[in-house]
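Data block below; observations after.
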Amino acid sequence: LPSRHEPGVYNVWIEFSQLAVTTKCLNLGQGFPDYDPPSIFSNFLSEVATEKNSYFNQYTRGFGHMRLVRALSNLYSQLINRKIDPVNEILVTVGAYEALYCAIQSNIEEGDEAIIIEPFYDCYEPIVRTAGGVPRFIPLRNTKPNASLPKANDWKLDPEELASLFNSKTKLIIINTPHNPLGKVFDYDELTMIANLAKKHNVLVISDEVYEWLVYEPAKHIRMATLPDMWERTITIGSAGKTFSMTGWKLGWAYGPANFIQNMCVVHQTAIYTCATTVQEATARGFEHEINALNTPQSYFQSMSKELKPKMQYLFKTLQDNGLKPIMPDGGYFMISNWTNFENKLDLSSETDKYKDFRFVKWLSKNVKLQGIPFSAFYSEPHKNMAEDYLRFCFFKKDETLKKAEEILTTWT
Ligand code: PMP
Ligand code: GLN
C-alpha cells in the first residue's frame with residue numbers, strides 16, 4: 001500500500017472530513033451547505049425515480065442524457081451568446097472533477113506543460129501529473145498586504161511572470177473564476193491578459209467556473225469563452241453540485257468546441273460510460289425551471305448570492321472581531337483568514353505536520369472544536385511556505401452554525 005502522506009496520494013478532503021467526524025467539531029472545512037437545497041429541485045429527483053414506465057432508472061445516452069444536454073445548450077447558448085450544439089459540444093460528467101479529468105487527460109501527453117495559478121483547487125496538480133504532464137505554477141500575489149480592508153481581488157498575477165511560463169511545450173492553462181479558495185473573481189482585463197497569451201502561444205484554456213452564480217455585487221462573472229476568439233480554445237466546466245447547492249449529486253459538465261469535447265468523450269466512455277440517469281433527468285428539470293425563472297424574483301441562481309452575502313459578511317466580522325484577519329471574497333463560498341496573531345501564543349507542538357497551517361488547523365479542530373482547511377493545501381510543494389499564514393473557512397452554512405462559530409471563537413480568544 002502507498003503511504004497516505006506521499007505527494008499525489010495525500011488528499012486534504014479525505015484527511016479533514018475524517019478529522020471533523022472524529023473531533024466532533026463545528027465543520028467550516030470542506031465546502032458544502034449544511035441545510036436543505038430548495039425542495040423544488042430535490043422533489044424533481046423523487047418524481048423522476050418513481051415515474052412509471054419512464055426508463056429513468058435505466059442507462060441513458062453515454063455523453064449526456066438528451067433532455068439535460070438540451071437544457072445546458074439552451075442556458076449556456078444565451079449566456080455566451082453563441083449557439084452550443086447539445087450533441088457535439090457538451091459532455092456530462094460525474095461532477096466537475098470528472099470534467100477536469102477528461103479535459104486534462106485528453107490534452108496532455110508525456111512532457112507537456114500545464115500552467116496552474118496558485119492557490120489552486122487541489123485536484124488540478126495530480127490530474128496533470130497522472131497524465132504525464134508537468135505543472136508550471138504561478139502564484140497570485142497580494143498587491144496590497146497592508147490594506148485596511150484586505151480583498152481577494154487585490155491578489156493578482158504578474159503579467160510578465162505569467163508570460164515567462166509559456167513555451168513550445170505549454171499545452172494548457174487552468175483558470176478558476178470565481179475562485180476556490182480565495183474568492184477572487186477575475187475581471188475583464190485579467191481574463192484578457194490570460195486570453196491574449198493563450199492565443200499568442202496557441203494554448204488551450206480550461207476554465208473552471210463551478211461557482212459561476214456565486215458572485216457578490218459589484219463583481220461580475222465573465223465567462224472566458226465569451227472573450228474575442230476564445231470559444232475555439234476554451235473548455236468551460238460547471239457543476240450541478242454548486243449550481244443547485246447539492247454537492248452530493250456529483251453531476252458536472254463541460255462545453256466547448258466539438259474537437260475538444262469529442263476527445264474528452266473518449267476518456268469518459270472508457271472510465272464512466274454514462275452518469276446516473278435519474279440525477280441527469282432531475283437536473284434537466286431543474287435547469288428548465290431556472291431557464292424560465294431567469295431575471296425574475298423566482299430565479300434560484302440569481303438569488304443565491306443574495307442569500308449568501310449576509311453569511312459572508314457575518315463570518316467576516318466574526319473573524320475580524322476575533323483577531324483572525326479575513327480577506328473579503330467577491331465570489332464563491334469560501335474566505336481565507338490570516339491566523340498569525342495567534343502564532344506566538346499557542347503551543348502547537350502536539351501536532352507533527354510539516355507546515356504550520358496544518359498544525360494550527362488540526363490543533364484548532366481538536367482543542368477549539370472549529371474546523372477550517374489549511375491554505376497551503378492549495379499550493380505546490382515548493383510554494384507551500386507562501387500560504388502557511390492562512391486557513392480557509394466555508395460560509396455556506398445555517399445562520400445558527402455561523403452563530404455557533406462566533407460563540408466558539410469569542411470564548412476561545
Ligand atoms: N472545481 C472547484 C473549484 C471546486 O471547488 C470543486 C469542488 N467541489 C470542484 C471543481 C469539483 O466539483 P464537483 O463536486 O462537481 O466534482
Ligand atoms: N470543493 C469542495 C471544497 O473545496 C470539496 C470537494 C471535496 O471534498 N473533494 O471544499
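Here's how to read the names in the C-alpha cells: chain A, B, ... by the order shown, residue numbers from 1 in each chain, ligand numbers from 1 in the order shown.
Taking only C-alpha atoms and all ligand atoms into account, ligand 1 has within 6 Å the residues Gly95, Ala96, Tyr97, Tyr121, Asn180, Asp208, Val210, Ser239, Gly241, Thr247, Lys250, Leu251 and Gly252 of chain A.
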Any residue with an atom at most 12 Å from ligand 2 counts, using only C-alpha atoms and all ligand atoms. Which are they? Put them as JSON, numbers by chain. {"A": [11, 12, 13, 14, 15, 16, 17, 18, 27, 28, 29, 30, 31, 32, 33, 95, 96, 97, 98, 119, 120, 121, 122, 123, 124, 179, 180, 181, 182, 183, 208, 210, 211, 239, 241, 242, 245, 246, 247, 248, 250, 332, 333, 334, 335, 371, 372, 373, 374, 375, 377, 378, 392, 393, 394, 395, 396]}
Pick out each residue of segment 251-412 of chain A that DSSP on the backbone tags as strand (DSSP E); I need them as a VMD selection string. chain A and resid 252 to 255 325 to 326 334 to 338 370 to 371 373 to 374 390 to 394
Just to be explicit: take each residue in the selection above, keep C-alpha atoms, and write the result as a PDB file, in the first residue's frame.
```
ATOM      1  CA  GLY A 252     -20.919  18.147 -13.868  1.00  0.00           C
ATOM      2  CA  TRP A 253     -20.404  19.138 -17.481  1.00  0.00           C
ATOM      3  CA  ALA A 254     -18.011  20.643 -19.955  1.00  0.00           C
ATOM      4  CA  TYR A 255     -18.867  22.709 -23.004  1.00  0.00           C
ATOM      5  CA  LYS A 325      -7.673  38.715   9.739  1.00  0.00           C
ATOM      6  CA  PRO A 326     -10.062  37.635   6.931  1.00  0.00           C
ATOM      7  CA  PHE A 334     -15.068  30.424   0.995  1.00  0.00           C
ATOM      8  CA  MET A 335     -12.918  33.021   2.693  1.00  0.00           C
ATOM      9  CA  ILE A 336      -9.342  32.844   3.857  1.00  0.00           C
ATOM     10  CA  SER A 337      -8.125  34.296   7.103  1.00  0.00           C
ATOM     11  CA  ASN A 338      -4.698  35.163   8.475  1.00  0.00           C
ATOM     12  CA  LEU A 370     -13.790  24.514  14.947  1.00  0.00           C
ATOM     13  CA  GLN A 371     -12.526  23.310  11.603  1.00  0.00           C
ATOM     14  CA  ILE A 373      -8.805  23.934   5.795  1.00  0.00           C
ATOM     15  CA  PRO A 374      -5.077  24.766   5.764  1.00  0.00           C
ATOM     16  CA  TYR A 390      -3.800  31.424   6.334  1.00  0.00           C
ATOM     17  CA  LEU A 391      -6.658  28.973   6.674  1.00  0.00           C
ATOM     18  CA  ARG A 392      -9.893  28.695   4.689  1.00  0.00           C
ATOM     19  CA  PHE A 393     -13.439  28.736   6.053  1.00  0.00           C
ATOM     20  CA  CYS A 394     -16.704  27.842   4.268  1.00  0.00           C
TER      21      CYS A 394
END
```
Using only C-alpha atoms, can you tell me which of A:Tyr35, A:Phe287, A:Tyr10, A:Tyr314 comes closest to Leu68 of chain A? A:Phe287
Can you pull out every residue within 10 Å of Asn167 of chain A, counting only C-alpha atoms, but drop anything in the same chain fewer than 5 positions away, and send it as a PyMOL selection string? chain A and resi 113+201+203
So that I can check the secondary structure, give me every residue of segment 85-287 of chain A assigned alpha helix (DSSP H) by backbone DSSP, as a ChimeraX atom specification. /A:95-105,124-130,159-165,188-200,240-243,258-271,277-287
Identify, on the basis of only C-alpha atoms, every residue whose closest approach to Asn341 of chain A does not exceed 10 Å; exclude the query and any residue fewer than 3 positions from it along the same chain; express the result as a ChimeraX atom specification. /A:322-325,338,344-346,389
Any chance you could export the current selection's C-alpha atoms as a PDB file, in the first residue's frame?
```pdb
ATOM      1  CA  ASN A 322     -11.552  37.742  16.979  1.00  0.00           C
ATOM      2  CA  GLY A 323      -8.180  38.679  15.531  1.00  0.00           C
ATOM      3  CA  LEU A 324      -8.243  36.276  12.579  1.00  0.00           C
ATOM      4  CA  LYS A 325      -7.673  38.715   9.739  1.00  0.00           C
ATOM      5  CA  ASN A 338      -4.698  35.163   8.475  1.00  0.00           C
ATOM      6  CA  ASN A 344       3.316  33.087  19.376  1.00  0.00           C
ATOM      7  CA  LYS A 345       0.540  32.475  21.885  1.00  0.00           C
ATOM      8  CA  LEU A 346      -0.079  28.824  21.067  1.00  0.00           C
ATOM      9  CA  ASP A 389      -0.220  32.134   7.450  1.00  0.00           C
TER      10      ASP A 389
END
```
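Taking atom CA of Ile90 of chain A and atom CA of Val205 of chain A as the two end points, the separation is 16.0 Å.
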Given only C-alpha atoms as the counted atoms, nearest of A:Trp249, A:Lys309, A:Arg129, A:Val215 to Thr278 of chain A: A:Trp249
Tell me, as a PyMOL selection string, which residues lie within 10 Å of Asn43 of chain A, counting only C-alpha atoms; anything in the same chain fewer than 6 positions away does not count. chain A and resi 49+282+286
Selected residues written out with N, CA and C atoms, as a short mmCIF file (atom, residue, chain, number, x, y, z; two decimals), in the first residue's frame:
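Written output follows (part31.cif):
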```
data_model
loop_
_atom_site.label_atom_id
_atom_site.label_comp_id
_atom_site.auth_asym_id
_atom_site.auth_seq_id
_atom_site.Cartn_x
_atom_site.Cartn_y
_atom_site.Cartn_z
N ALA A 49 -37.54 9.32 -9.99
CA ALA A 49 -37.20 7.94 -9.60
C ALA A 49 -38.44 7.05 -9.53
N ALA A 282 -33.42 14.77 -13.38
CA ALA A 282 -33.84 15.75 -12.37
C ALA A 282 -33.10 17.07 -12.56
N GLY A 286 -34.53 20.77 -13.33
CA GLY A 286 -34.09 21.92 -12.53
C GLY A 286 -33.66 23.07 -13.44
#
```
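Take the candidates A:Val94, A:Ile408, A:Ala99, A:Cys25 and check each one against Ile237 of chain A using only C-alpha atoms; the shortest distance goes to A:Ala99.
Among the candidates A:Val266, A:Val185, A:Ala195, A:Leu409, the one nearest to Pro218 of chain A when counting only C-alpha atoms is A:Val185.
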